[in-house]
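Next comes run15.cif, a file with mmCIF, C-alpha atoms and all ligand atoms.
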```
data_entry
loop_
_atom_site.label_atom_id
_atom_site.label_comp_id
_atom_site.auth_asym_id
_atom_site.auth_seq_id
_atom_site.Cartn_x
_atom_site.Cartn_y
_atom_site.Cartn_z
CA MET A 1 19.94 -25.24 -20.59
CA SER A 2 20.27 -25.29 -16.79
CA ASP A 3 17.13 -26.21 -14.84
CA LEU A 4 17.18 -22.81 -13.15
CA LEU A 5 17.29 -20.95 -16.46
CA ALA A 6 14.53 -23.14 -17.88
CA LEU A 7 12.30 -21.98 -15.02
CA THR A 8 12.78 -18.34 -16.01
CA GLU A 9 11.24 -18.97 -19.44
CA PRO A 10 7.70 -17.58 -19.50
CA GLY A 11 5.26 -20.42 -20.04
CA SER A 12 7.75 -23.02 -18.81
CA VAL A 13 5.31 -24.15 -16.15
CA ALA A 14 3.27 -27.10 -17.28
CA ALA A 15 -0.47 -26.62 -16.96
CA GLY A 16 -2.54 -28.82 -14.68
CA PHE A 17 -0.07 -29.03 -11.81
CA SER A 18 -1.46 -26.56 -9.31
CA ALA A 19 -1.62 -29.08 -6.47
CA GLN A 20 1.97 -30.15 -7.07
CA TRP A 21 3.20 -26.55 -7.01
CA THR A 22 1.32 -25.90 -3.77
CA ASP A 23 2.93 -28.97 -2.25
CA ARG A 24 6.39 -27.82 -3.35
CA TYR A 25 5.68 -24.34 -1.96
CA THR A 26 4.93 -25.71 1.49
CA HIS A 27 8.21 -27.66 1.50
CA ALA A 28 10.44 -24.87 0.21
CA VAL A 29 8.98 -21.51 1.26
CA MET A 30 9.07 -20.39 4.89
CA ASP A 31 5.62 -20.69 6.41
CA THR A 32 4.97 -17.04 7.24
CA PHE A 33 1.93 -16.67 4.97
CA GLY A 34 0.31 -20.10 5.12
CA PRO A 35 -0.21 -22.15 1.96
CA PRO A 36 -0.93 -20.16 -1.20
CA GLN A 37 -4.57 -20.00 -2.31
CA ARG A 38 -3.47 -20.68 -5.90
CA VAL A 39 -0.18 -20.79 -7.76
CA LEU A 40 -0.34 -18.12 -10.45
CA VAL A 41 1.61 -18.38 -13.67
CA ARG A 42 0.55 -15.51 -15.92
CA GLY A 43 -1.21 -12.16 -15.99
CA GLU A 44 -2.56 -9.77 -18.60
CA GLY A 45 -4.41 -6.53 -17.91
CA CYS A 46 -6.76 -7.10 -14.97
CA TYR A 47 -6.61 -10.91 -15.27
CA VAL A 48 -4.34 -13.60 -13.84
CA TRP A 49 -4.21 -17.33 -14.63
CA ASP A 50 -3.37 -20.16 -12.24
CA ALA A 51 -1.25 -23.24 -12.93
CA ASP A 52 -4.40 -25.14 -13.94
CA GLY A 53 -5.24 -22.55 -16.59
CA LYS A 54 -8.17 -20.98 -14.72
CA ARG A 55 -8.63 -17.22 -15.24
CA TYR A 56 -9.41 -14.73 -12.44
CA LEU A 57 -10.35 -11.05 -12.46
CA ASP A 58 -7.71 -9.63 -10.14
CA LEU A 59 -9.40 -7.27 -7.68
CA LEU A 60 -6.46 -7.27 -5.31
CA ALA A 61 -3.60 -6.38 -7.69
CA GLY A 62 -0.92 -7.83 -5.40
CA ILE A 63 -2.45 -5.80 -2.53
CA ALA A 64 -2.76 -2.42 -4.24
CA VAL A 65 0.44 -2.86 -6.23
CA ASN A 66 -0.21 -3.65 -9.91
CA ALA A 67 -1.45 -0.16 -10.75
CA LEU A 68 -1.27 -0.80 -14.51
CA GLY A 69 -2.50 -4.38 -14.27
CA HIS A 70 -0.33 -7.26 -15.44
CA ALA A 71 2.23 -7.28 -18.24
CA HIS A 72 1.53 -3.68 -19.26
CA PRO A 73 3.52 -3.14 -22.47
CA THR A 74 4.84 0.33 -21.53
CA LEU A 75 6.02 -0.84 -18.12
CA THR A 76 7.55 -4.01 -19.53
CA ALA A 77 9.36 -2.06 -22.25
CA ALA A 78 10.70 0.56 -19.80
CA ILE A 79 12.06 -2.10 -17.45
CA SER A 80 13.62 -4.13 -20.28
CA ALA A 81 15.16 -1.07 -21.91
CA GLN A 82 16.72 0.13 -18.67
CA LEU A 83 17.98 -3.34 -17.73
CA GLY A 84 19.46 -3.67 -21.20
CA THR A 85 21.22 -0.32 -20.82
CA LEU A 86 22.34 -0.04 -17.20
CA GLY A 87 20.89 -2.35 -14.59
CA HIS A 88 22.51 -1.20 -11.38
CA VAL A 89 25.08 1.25 -10.07
CA SER A 90 26.11 1.93 -6.50
CA ASN A 91 24.98 5.03 -4.67
CA PHE A 92 28.40 6.51 -5.38
CA PHE A 93 26.85 7.29 -8.76
CA GLY A 94 23.61 8.81 -9.99
CA THR A 95 21.49 7.75 -12.97
CA PRO A 96 19.09 9.78 -15.14
CA THR A 97 16.09 7.58 -14.21
CA GLN A 98 16.76 7.94 -10.47
CA ILE A 99 17.06 11.72 -10.76
CA ALA A 100 14.01 12.03 -13.04
CA LEU A 101 11.94 9.91 -10.64
CA ALA A 102 12.85 12.08 -7.65
CA GLU A 103 12.01 15.21 -9.67
CA SER A 104 8.70 13.74 -10.85
CA LEU A 105 7.63 12.83 -7.32
CA LEU A 106 8.42 16.35 -6.12
CA ARG A 107 6.35 17.77 -8.98
CA LEU A 108 3.35 15.50 -8.33
CA ALA A 109 3.59 16.25 -4.61
CA GLN A 110 3.73 19.98 -5.38
CA ALA A 111 6.52 20.00 -2.83
CA PRO A 112 8.04 23.38 -1.93
CA ASP A 113 11.62 24.46 -2.67
CA GLY A 114 14.20 22.54 -0.71
CA SER A 115 12.16 19.30 -0.75
CA ARG A 116 14.00 16.04 -1.47
CA VAL A 117 13.29 12.33 -2.09
CA PHE A 118 14.91 9.18 -0.67
CA LEU A 119 14.27 6.03 -2.73
CA THR A 120 13.71 2.63 -1.13
CA ASN A 121 12.73 -0.90 -2.21
CA SER A 122 9.56 -1.37 -0.17
CA GLY A 123 7.02 0.24 2.09
CA THR A 124 8.54 -0.91 5.33
CA GLU A 125 11.89 0.57 4.29
CA ALA A 126 10.23 3.89 3.52
CA LEU A 127 8.80 3.84 7.05
CA GLU A 128 12.20 2.92 8.53
CA ALA A 129 13.70 5.98 6.88
CA ALA A 130 10.85 8.17 8.09
CA PHE A 131 11.22 6.75 11.60
CA LYS A 132 14.93 7.57 11.59
CA MET A 133 14.01 11.12 10.55
CA THR A 134 11.85 11.45 13.68
CA ARG A 135 14.87 10.61 15.85
CA ARG A 136 16.75 13.50 14.26
CA VAL A 137 14.07 15.98 15.36
CA GLY A 138 15.15 15.36 18.96
CA PRO A 139 14.20 13.22 21.92
CA GLY A 140 10.47 12.74 22.38
CA ARG A 141 7.42 10.72 21.50
CA VAL A 142 6.38 9.47 18.06
CA LEU A 143 2.61 9.16 17.80
CA ALA A 144 0.85 6.63 15.60
CA LEU A 145 -2.80 5.58 15.46
CA GLU A 146 -4.55 2.54 16.81
CA GLY A 147 -5.20 0.15 13.94
CA ALA A 148 -2.18 1.47 12.04
CA PHE A 149 -0.15 -0.78 9.78
CA HIS A 150 3.23 0.59 8.75
CA GLY A 151 5.23 -2.55 7.97
CA ARG A 152 7.10 -5.44 9.57
CA SER A 153 10.73 -4.36 9.98
CA MET A 154 11.57 -3.39 13.55
CA GLY A 155 11.10 0.38 13.29
CA ALA A 156 8.00 0.12 11.13
CA LEU A 157 6.68 -2.58 13.45
CA ALA A 158 7.09 -0.24 16.39
CA LEU A 159 4.68 2.11 14.57
CA THR A 160 2.30 -0.72 13.65
CA HIS A 161 -0.40 -1.15 16.27
CA LYS A 162 -1.51 -4.78 16.18
CA GLN A 163 -0.28 -6.62 19.28
CA ALA A 164 -0.12 -10.01 17.56
CA TYR A 165 2.43 -8.63 15.09
CA ARG A 166 4.46 -6.78 17.74
CA GLU A 167 4.66 -8.97 20.80
CA PRO A 168 6.84 -11.84 19.48
CA PHE A 169 9.50 -9.27 18.53
CA GLU A 170 9.70 -7.04 21.56
CA PRO A 171 11.63 -5.06 22.57
CA LEU A 172 10.88 -2.81 19.62
CA PRO A 173 12.41 0.65 19.17
CA GLY A 174 10.91 2.79 21.92
CA GLY A 175 9.20 6.12 22.21
CA VAL A 176 6.12 5.22 20.14
CA GLU A 177 2.67 5.98 21.56
CA HIS A 178 -0.56 4.87 19.89
CA VAL A 179 -3.58 7.16 20.09
CA ALA A 180 -7.22 6.33 19.40
CA PHE A 181 -8.08 6.20 15.67
CA GLY A 182 -9.65 9.33 14.27
CA ASP A 183 -10.19 10.89 17.71
CA THR A 184 -9.15 14.55 17.80
CA THR A 185 -9.72 14.74 21.56
CA ALA A 186 -7.23 11.91 22.10
CA LEU A 187 -4.80 13.74 19.82
CA ASP A 188 -5.27 16.98 21.77
CA GLU A 189 -4.46 15.08 24.97
CA ALA A 190 -1.27 13.60 23.48
CA PHE A 191 -0.05 17.12 22.59
CA SER A 192 -1.31 18.79 25.79
CA PRO A 193 1.11 20.57 28.18
CA ALA A 194 0.27 17.95 30.83
CA ALA A 195 1.21 15.07 28.50
CA VAL A 196 4.38 16.86 27.42
CA ALA A 197 5.37 17.51 31.07
CA GLU A 198 4.71 13.89 31.99
CA ARG A 199 5.81 11.95 28.89
CA GLY A 200 7.98 14.35 26.89
CA PRO A 201 7.46 16.37 23.71
CA VAL A 202 5.92 14.98 20.55
CA VAL A 203 8.44 14.83 17.68
CA ALA A 204 6.21 13.27 15.04
CA LEU A 205 2.77 11.94 14.18
CA VAL A 206 2.64 9.09 11.64
CA VAL A 207 -0.73 8.51 10.03
CA GLU A 208 -2.35 6.75 7.06
CA PRO A 209 -4.94 9.07 5.43
CA LEU A 210 -7.10 5.97 5.12
CA GLN A 211 -6.13 2.85 7.05
CA GLY A 212 -5.77 0.03 4.53
CA GLU A 213 -4.88 -3.07 6.53
CA ALA A 214 -7.28 -2.14 9.34
CA GLY A 215 -10.18 -2.64 6.93
CA VAL A 216 -10.09 0.40 4.62
CA ARG A 217 -11.05 2.87 7.34
CA PRO A 218 -11.13 6.55 6.32
CA LEU A 219 -10.19 9.18 8.88
CA PRO A 220 -13.01 11.55 9.80
CA PRO A 221 -13.07 14.78 7.73
CA GLY A 222 -10.97 17.51 9.33
CA TYR A 223 -8.71 15.08 11.22
CA LEU A 224 -5.59 15.67 9.12
CA ALA A 225 -6.02 19.46 9.19
CA HIS A 226 -6.32 19.26 12.98
CA ALA A 227 -3.23 17.03 13.12
CA ARG A 228 -1.35 19.53 10.96
CA ARG A 229 -2.16 22.39 13.34
CA LEU A 230 -1.06 20.40 16.40
CA THR A 231 2.17 19.12 14.83
CA SER A 232 3.10 22.56 13.47
CA ASP A 233 2.51 24.21 16.83
CA ALA A 234 4.64 21.54 18.54
CA GLY A 235 7.41 21.64 15.92
CA ALA A 236 6.68 17.96 15.25
CA LEU A 237 6.70 16.21 11.88
CA LEU A 238 3.45 15.19 10.22
CA ILE A 239 4.28 11.97 8.37
CA LEU A 240 1.65 10.59 6.02
CA ASP A 241 2.02 6.92 5.18
CA GLU A 242 0.65 6.71 1.64
CA VAL A 243 2.25 3.34 0.88
CA GLN A 244 -1.21 1.92 0.14
CA THR A 245 -3.19 5.06 -0.70
CA GLY A 246 -0.62 6.82 -2.91
CA VAL A 247 0.07 6.78 -6.66
CA GLY A 248 -3.48 7.26 -7.86
CA ARG A 249 -5.14 4.53 -5.80
CA THR A 250 -7.81 6.88 -4.42
CA GLY A 251 -8.19 8.99 -7.58
CA SER A 252 -5.57 11.64 -6.77
CA TRP A 253 -1.80 11.21 -6.80
CA PHE A 254 -1.81 11.12 -3.02
CA ALA A 255 -4.90 10.66 -0.86
CA TYR A 256 -4.18 13.75 1.25
CA GLN A 257 -4.53 15.86 -1.92
CA HIS A 258 -8.31 15.32 -1.87
CA PRO A 259 -9.52 18.50 -0.13
CA GLU A 260 -12.08 16.48 1.88
CA ILE A 261 -9.30 14.26 3.22
CA GLY A 262 -6.34 16.60 3.60
CA GLY A 263 -8.07 19.96 3.90
CA GLY A 264 -5.28 21.54 1.84
CA ILE A 265 -2.45 20.68 4.23
CA VAL A 266 1.21 20.30 3.33
CA PRO A 267 2.74 17.34 5.22
CA ASP A 268 6.40 17.11 6.25
CA VAL A 269 6.93 13.60 4.95
CA VAL A 270 5.02 11.21 2.66
CA THR A 271 5.98 7.54 2.32
CA LEU A 272 5.18 5.58 -0.84
CA ALA A 273 5.70 2.07 -2.24
CA LYS A 274 3.20 -0.56 -3.50
CA GLY A 275 1.73 0.99 -6.68
CA LEU A 276 4.77 3.16 -7.37
CA GLY A 277 6.60 0.58 -9.48
CA GLY A 278 3.47 -1.00 -10.92
CA GLY A 279 4.69 -4.36 -9.57
CA PHE A 280 8.41 -3.71 -9.53
CA PRO A 281 9.70 -3.25 -5.96
CA VAL A 282 10.31 0.44 -5.27
CA GLY A 283 9.39 2.87 -2.51
CA ALA A 284 10.03 6.50 -1.71
CA VAL A 285 10.15 9.03 1.07
CA ILE A 286 9.22 12.57 0.05
CA ALA A 287 10.51 15.16 2.52
CA TYR A 288 8.70 18.47 2.12
CA GLY A 289 10.79 21.61 2.58
CA GLU A 290 14.34 22.07 3.72
CA ARG A 291 13.85 21.16 7.36
CA ALA A 292 12.49 17.67 6.66
CA ALA A 293 14.79 17.18 3.68
CA THR A 294 17.95 17.69 5.73
CA LEU A 295 17.06 15.57 8.77
CA LEU A 296 19.06 12.65 7.38
CA GLY A 297 22.53 13.86 6.51
CA ARG A 298 25.40 12.21 4.68
CA GLY A 299 26.14 8.74 6.02
CA GLN A 300 23.00 8.63 8.16
CA HIS A 301 20.97 6.40 5.87
CA GLY A 302 21.46 4.26 2.80
CA SER A 303 20.44 1.23 0.76
CA THR A 304 22.30 -0.75 -1.89
CA PHE A 305 19.26 -1.09 -4.11
CA GLY A 306 17.42 2.13 -3.21
CA GLY A 307 17.34 4.30 -6.34
CA ASN A 308 18.21 1.36 -8.59
CA PRO A 309 17.79 2.56 -12.20
CA VAL A 310 15.53 -0.34 -13.24
CA ALA A 311 13.21 0.26 -10.29
CA ALA A 312 13.27 3.99 -11.06
CA ALA A 313 12.42 3.30 -14.72
CA ALA A 314 9.50 1.12 -13.60
CA ALA A 315 8.22 3.93 -11.37
CA LEU A 316 8.64 6.55 -14.10
CA ALA A 317 6.73 4.35 -16.55
CA THR A 318 3.95 3.74 -14.02
CA LEU A 319 3.58 7.44 -13.21
CA GLY A 320 3.82 8.26 -16.92
CA VAL A 321 1.03 5.88 -17.94
CA ILE A 322 -1.22 7.10 -15.11
CA GLU A 323 -0.71 10.67 -16.36
CA ARG A 324 -0.89 9.90 -20.10
CA ASP A 325 -3.99 7.70 -19.89
CA GLY A 326 -5.89 9.92 -17.44
CA LEU A 327 -6.12 7.10 -14.92
CA LEU A 328 -6.80 9.40 -11.95
CA GLY A 329 -10.13 10.33 -13.53
CA GLN A 330 -10.81 6.71 -14.46
CA VAL A 331 -10.14 5.59 -10.88
CA HIS A 332 -12.60 8.20 -9.67
CA ASP A 333 -15.30 7.21 -12.15
CA VAL A 334 -14.91 3.42 -12.09
CA GLY A 335 -14.43 3.47 -8.30
CA ALA A 336 -17.71 5.38 -7.88
CA LEU A 337 -19.48 2.98 -10.25
CA LEU A 338 -18.08 -0.11 -8.51
CA ARG A 339 -19.19 1.20 -5.16
CA GLU A 340 -22.66 2.15 -6.33
CA GLU A 341 -23.28 -1.09 -8.24
CA ILE A 342 -22.23 -3.21 -5.24
CA GLU A 343 -24.33 -1.14 -2.84
CA LEU A 344 -27.33 -1.55 -5.14
CA CYS A 345 -26.71 -5.23 -5.96
CA GLY A 346 -29.48 -6.37 -3.64
CA SER A 347 -27.48 -8.90 -1.63
CA PRO A 348 -28.70 -9.13 1.97
CA LEU A 349 -25.08 -9.81 2.96
CA VAL A 350 -23.79 -6.42 1.79
CA ARG A 351 -24.10 -3.65 4.40
CA GLU A 352 -22.10 -0.83 2.78
CA VAL A 353 -19.03 -0.04 0.73
CA ARG A 354 -16.42 2.28 2.23
CA GLY A 355 -13.15 3.71 0.98
CA ARG A 356 -12.15 5.95 -1.88
CA GLY A 357 -11.40 5.50 -5.58
CA LEU A 358 -10.23 1.94 -6.13
CA LEU A 359 -9.40 1.20 -2.50
CA LEU A 360 -12.71 -0.10 -1.21
CA ALA A 361 -14.03 -2.46 1.43
CA VAL A 362 -17.34 -4.24 1.00
CA VAL A 363 -18.67 -4.39 4.55
CA LEU A 364 -20.80 -7.46 5.22
CA ASN A 365 -23.66 -8.05 7.62
CA ALA A 366 -21.85 -11.03 9.17
CA PRO A 367 -18.23 -11.96 9.92
CA VAL A 368 -17.99 -14.14 6.81
CA ALA A 369 -15.44 -12.22 4.71
CA ALA A 370 -13.11 -15.22 4.43
CA GLN A 371 -15.95 -17.40 3.12
CA VAL A 372 -17.02 -14.69 0.66
CA ALA A 373 -13.43 -14.40 -0.64
CA ALA A 374 -13.30 -18.19 -1.04
CA GLN A 375 -16.58 -18.14 -3.01
CA ALA A 376 -15.18 -15.31 -5.11
CA LEU A 377 -12.07 -17.30 -5.92
CA GLU A 378 -14.18 -20.23 -7.05
CA ALA A 379 -16.21 -17.82 -9.20
CA GLY A 380 -13.02 -16.38 -10.76
CA PHE A 381 -12.46 -13.20 -8.71
CA VAL A 382 -9.44 -12.45 -6.50
CA MET A 383 -10.42 -10.37 -3.47
CA ASN A 384 -9.17 -10.15 0.07
CA PRO A 385 -10.86 -10.61 3.46
CA VAL A 386 -9.23 -7.62 5.14
CA ALA A 387 -11.32 -7.94 8.31
CA PRO A 388 -13.73 -10.61 9.56
CA ASP A 389 -16.65 -8.62 8.11
CA ALA A 390 -14.97 -6.77 5.24
CA VAL A 391 -13.69 -7.76 1.81
CA ARG A 392 -11.09 -5.45 0.28
CA LEU A 393 -11.10 -4.48 -3.40
CA ALA A 394 -7.90 -2.84 -4.66
CA PRO A 395 -7.88 -3.70 -8.38
CA PRO A 396 -5.54 -2.36 -11.05
CA LEU A 397 -6.22 1.32 -11.78
CA ILE A 398 -7.11 0.27 -15.36
CA LEU A 399 -10.24 -1.61 -14.23
CA THR A 400 -13.05 -0.90 -16.71
CA ALA A 401 -16.69 -0.06 -16.05
CA GLU A 402 -17.67 -3.42 -17.57
CA GLN A 403 -15.37 -5.30 -15.21
CA ALA A 404 -16.76 -3.29 -12.27
CA ARG A 405 -20.26 -4.44 -13.23
CA GLU A 406 -19.06 -8.06 -13.31
CA VAL A 407 -17.84 -7.67 -9.73
CA ALA A 408 -21.21 -6.29 -8.64
CA GLY A 409 -22.78 -9.25 -10.44
CA PHE A 410 -20.78 -11.61 -8.24
CA PHE A 411 -21.98 -9.86 -5.07
CA ALA A 412 -25.57 -10.02 -6.32
CA THR A 413 -25.40 -13.82 -6.54
CA LEU A 414 -23.62 -14.27 -3.23
CA SER A 415 -25.10 -17.05 -1.15
CA LEU A 416 -24.91 -17.00 2.62
CA PRO A 417 -21.79 -19.00 3.44
CA THR A 418 -22.27 -21.90 5.80
CA GLU A 419 -18.93 -23.67 5.36
CA PRO A 420 -15.78 -22.37 7.06
CA ALA A 421 -13.39 -20.90 4.49
CA ASP A 422 -9.81 -21.96 3.96
CA VAL A 423 -8.93 -18.41 2.88
CA PRO A 424 -7.14 -16.72 5.77
CA THR A 425 -8.30 -13.33 6.98
CA GLU A 426 -5.65 -10.64 6.91
CA GLY A 427 -4.73 -10.80 10.59
CA GLU A 428 -4.02 -14.51 10.58
CA THR A 429 -1.09 -14.55 8.24
CA ARG A 430 -0.24 -11.21 6.69
C1 LIG A 501 0.15 1.83 4.90
C2 LIG A 501 1.24 0.82 4.75
N1 LIG A 501 2.47 1.13 5.16
C3 LIG A 501 3.50 0.27 5.02
C4 LIG A 501 3.31 -0.98 4.49
C5 LIG A 501 4.47 -1.93 4.34
O1 LIG A 501 4.83 -2.02 3.01
P1 LIG A 501 5.68 -3.28 2.48
O2 LIG A 501 4.81 -4.47 2.58
O3 LIG A 501 6.05 -2.90 1.06
O4 LIG A 501 6.89 -3.38 3.34
C6 LIG A 501 2.03 -1.35 4.06
C7 LIG A 501 1.79 -2.70 3.49
O5 LIG A 501 0.68 -3.19 3.48
C8 LIG A 501 0.97 -0.43 4.20
O6 LIG A 501 -0.27 -0.73 3.79
#
```
Please lay out the structure from this file as structure tokens.
Ligand SMILES: Cc1ncc(COP(=O)(O)O)c(C=O)c1O
Amino acid sequence: MSDLLALTEPGSVAAGFSAQWTDRYTHAVMDTFGPPQRVLVRGEGCYVWDADGKRYLDLLAGIAVNALGHAHPTLTAAISAQLGTLGHVSNFFGTPTQIALAESLLRLAQAPDGSRVFLTNSGTEALEAAFKMTRRVGPGRVLALEGAFHGRSMGALALTHKQAYREPFEPLPGGVEHVAFGDTTALDEAFSPAAVAERGPVVALVVEPLQGEAGVRPLPPGYLAHARRLTSDAGALLILDEVQTGVGRTGSWFAYQHPEIGGGIVPDVVTLAKGLGGGFPVGAVIAYGERAATLLGRGQHGSTFGGNPVAAAAALATLGVIERDGLLGQVHDVGALLREEIELCGSPLVREVRGRGLLLAVVLNAPVAAQVAAQALEAGFVMNPVAPDAVRLAPPLILTAEQAREVAGFFATLSLPTEPADVPTEGETR
């Protein structure tokens, strides 16, 4: 057998060679992320194993991706069956899985007549498509929020706020204006007649219902309803980036569907990715109503892999298991338990837990999130220092109450870190 094929055999990786794999990584993989914390070889349910055979409870799920955990039999079977039947066609052709996925997303979004879906391979591509839609509205400003993360490709990066990500790649596509996070007065100013006279009309507002990469920061109640009124009055698109919050992560299909978050609004566009394929790369743009759905006409956008039948089968299986197994309710219940148990764990380091469902940040009383994540890894828990003082938990949606209690148990025993951690915080490498 060829060496390359031998490497595709599950279990082909010899145990006990973690350090060697890490060394090989640093010599072969471009250094955009820094060295890997561990080299992982296997997963099952909410657990992953590293190349040395150590087991971890995965509370990051590939950054809010592995909705069904690892190696879920229904997902694995759906992907294998589709790949064994028809693995790829060009966009000159349709496939039943692609069509059924688009229909399912429209149903779950309760999208009105005339709505349509564009399928992508990732979150940043979903944002690129949405950004192109804003250009079709007409000339004008695209608003995004301070702290926003919308991806790393050039259009998505123009919407992303963080200067360290943007500056090395300027000039970025223009016309984007960032407004203060969660501040309705700042939003009013951006839409005001004076701002329009001086800086041009607003054609779109792009917003995450809950900012993930900025530290799991929820918008204040009423913000999205206010944004909907302003965008509707201005004829501008309201684009909700649910790449991180969508597909059940917060306990509803989409975060904006919680009345306390969305206030009953209907957006113009929702972007999805991450959890949609349960670990298989797939994203989507849902355009609500005929106006949004026809902004990109024939020949104005495309993707070789977008709508790939295997990716669509993975997404259908993921959505299907979430629906069949009542995971939205489980996310709500286990998320509430996880939050409460951590808040009550008695650690002097824990200030509060914020977020929704199974997208939570444990906010610490000191900027030691990287050290806490490093301690967690040693103790067998994967979690992510999303901000200097906040650790993000975004586990598989199948996390059990018992596993949630184990996590709280880790926080209860947390000792005050004194050593610097070698786990990077989000902003350093991601
Ligand atoms: C809200 C949001 N939008 C877009 C993206 C980019 O998605 P991807 O990494 O799949 O390109 C992310 C990734 O973290 C995200 O959280």
Please identify every polymer residue within 10 Å of ligand LIG 501 (chain A), using all atoms listed in the file, and present the set as a PDB file with C-alpha atoms, in the frame of the given file.
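Final file, result28.pdb:
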```pdb
ATOM      1  CA  ILE A  63      -2.450  -5.800  -2.530  1.00  0.00           C
ATOM      2  CA  ALA A  64      -2.760  -2.420  -4.240  1.00  0.00           C
ATOM      3  CA  VAL A  65       0.440  -2.860  -6.230  1.00  0.00           C
ATOM      4  CA  THR A 120      13.710   2.630  -1.130  1.00  0.00           C
ATOM      5  CA  ASN A 121      12.730  -0.900  -2.210  1.00  0.00           C
ATOM      6  CA  SER A 122       9.560  -1.370  -0.170  1.00  0.00           C
ATOM      7  CA  GLY A 123       7.020   0.240   2.090  1.00  0.00           C
ATOM      8  CA  THR A 124       8.540  -0.910   5.330  1.00  0.00           C
ATOM      9  CA  GLU A 125      11.890   0.570   4.290  1.00  0.00           C
ATOM     10  CA  ALA A 126      10.230   3.890   3.520  1.00  0.00           C
ATOM     11  CA  LEU A 127       8.800   3.840   7.050  1.00  0.00           C
ATOM     12  CA  GLU A 128      12.200   2.920   8.530  1.00  0.00           C
ATOM     13  CA  ALA A 148      -2.180   1.470  12.040  1.00  0.00           C
ATOM     14  CA  PHE A 149      -0.150  -0.780   9.780  1.00  0.00           C
ATOM     15  CA  HIS A 150       3.230   0.590   8.750  1.00  0.00           C
ATOM     16  CA  GLY A 151       5.230  -2.550   7.970  1.00  0.00           C
ATOM     17  CA  ARG A 152       7.100  -5.440   9.570  1.00  0.00           C
ATOM     18  CA  SER A 153      10.730  -4.360   9.980  1.00  0.00           C
ATOM     19  CA  ALA A 156       8.000   0.120  11.130  1.00  0.00           C
ATOM     20  CA  LEU A 157       6.680  -2.580  13.450  1.00  0.00           C
ATOM     21  CA  LEU A 159       4.680   2.110  14.570  1.00  0.00           C
ATOM     22  CA  THR A 160       2.300  -0.720  13.650  1.00  0.00           C
ATOM     23  CA  VAL A 207      -0.730   8.510  10.030  1.00  0.00           C
ATOM     24  CA  GLU A 208      -2.350   6.750   7.060  1.00  0.00           C
ATOM     25  CA  PRO A 209      -4.940   9.070   5.430  1.00  0.00           C
ATOM     26  CA  LEU A 210      -7.100   5.970   5.120  1.00  0.00           C
ATOM     27  CA  GLN A 211      -6.130   2.850   7.050  1.00  0.00           C
ATOM     28  CA  GLY A 212      -5.770   0.030   4.530  1.00  0.00           C
ATOM     29  CA  GLU A 213      -4.880  -3.070   6.530  1.00  0.00           C
ATOM     30  CA  ALA A 214      -7.280  -2.140   9.340  1.00  0.00           C
ATOM     31  CA  VAL A 216     -10.090   0.400   4.620  1.00  0.00           C
ATOM     32  CA  LEU A 240       1.650  10.590   6.020  1.00  0.00           C
ATOM     33  CA  ASP A 241       2.020   6.920   5.180  1.00  0.00           C
ATOM     34  CA  GLU A 242       0.650   6.710   1.640  1.00  0.00           C
ATOM     35  CA  VAL A 243       2.250   3.340   0.880  1.00  0.00           C
ATOM     36  CA  GLN A 244      -1.210   1.920   0.140  1.00  0.00           C
ATOM     37  CA  THR A 245      -3.190   5.060  -0.700  1.00  0.00           C
ATOM     38  CA  GLY A 246      -0.620   6.820  -2.910  1.00  0.00           C
ATOM     39  CA  THR A 271       5.980   7.540   2.320  1.00  0.00           C
ATOM     40  CA  LEU A 272       5.180   5.580  -0.840  1.00  0.00           C
ATOM     41  CA  ALA A 273       5.700   2.070  -2.240  1.00  0.00           C
ATOM     42  CA  LYS A 274       3.200  -0.560  -3.500  1.00  0.00           C
ATOM     43  CA  GLY A 275       1.730   0.990  -6.680  1.00  0.00           C
ATOM     44  CA  PRO A 281       9.700  -3.250  -5.960  1.00  0.00           C
ATOM     45  CA  VAL A 282      10.310   0.440  -5.270  1.00  0.00           C
ATOM     46  CA  GLY A 283       9.390   2.870  -2.510  1.00  0.00           C
ATOM     47  CA  ARG A 430      -0.240 -11.210   6.690  1.00  0.00           C
TER      48      ARG A 430
END
```
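The spacing separating atom CA of A:Val350 from atom CA of A:Thr413 amounts to 11.3 Å.
Between atom CA of A:Val270 and atom CA of A:Gly114 lies a distance of 15.0 Å.
Of the listed residues A:Ala394, A:Leu359, A:Lys162, A:Tyr223, the one whose atoms come nearest to A:Asp183 is A:Tyr223, with distances taken using only C-alpha atoms.
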**Request:** Can you pull out every residue within 8 Å of stretch 44-50 of chain A, counting only C-alpha atoms, but drop anything in the same chain fewer than 2 positions away, and send it as a PyMOL selection string?
**Result:** chain A and resi 18+38-42+52-59+61+68-72+395-396+398-399
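The space between atom CA of A:Arg136 and atom CA of A:Ala227 spans 20.3 Å.
Comparing the minimum interatomic distances between A:Thr185 and each of A:Leu230, A:Leu5, A:Ala293, A:Ala401, counting only C-alpha atoms, we find that A:Leu230 sits nearest.
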Kindly compute an axis-aligned box around the listed atoms of stretch 399-418 of chain A, allowing 5 Å on each side, and express its centre and edge lengths in Å to one decimal as JSON.
```
{"center_x": -17.9, "center_y": -11.0, "center_z": -5.9, "size_x": 25.3, "size_y": 31.8, "size_z": 33.4}
```
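Considering the residues A:Gly277, A:Phe17, A:Gly289, A:Val362 and counting all atoms listed in the file, A:Leu101 has its shortest atom-to-atom contact with A:Gly277.
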**Asked** When distances are computed from all atoms listed in the file, which of A:Gly34, A:Gly326, A:Pro221, A:Gly409 shows the smallest separation from A:Ser347?
**Response** A:Gly409
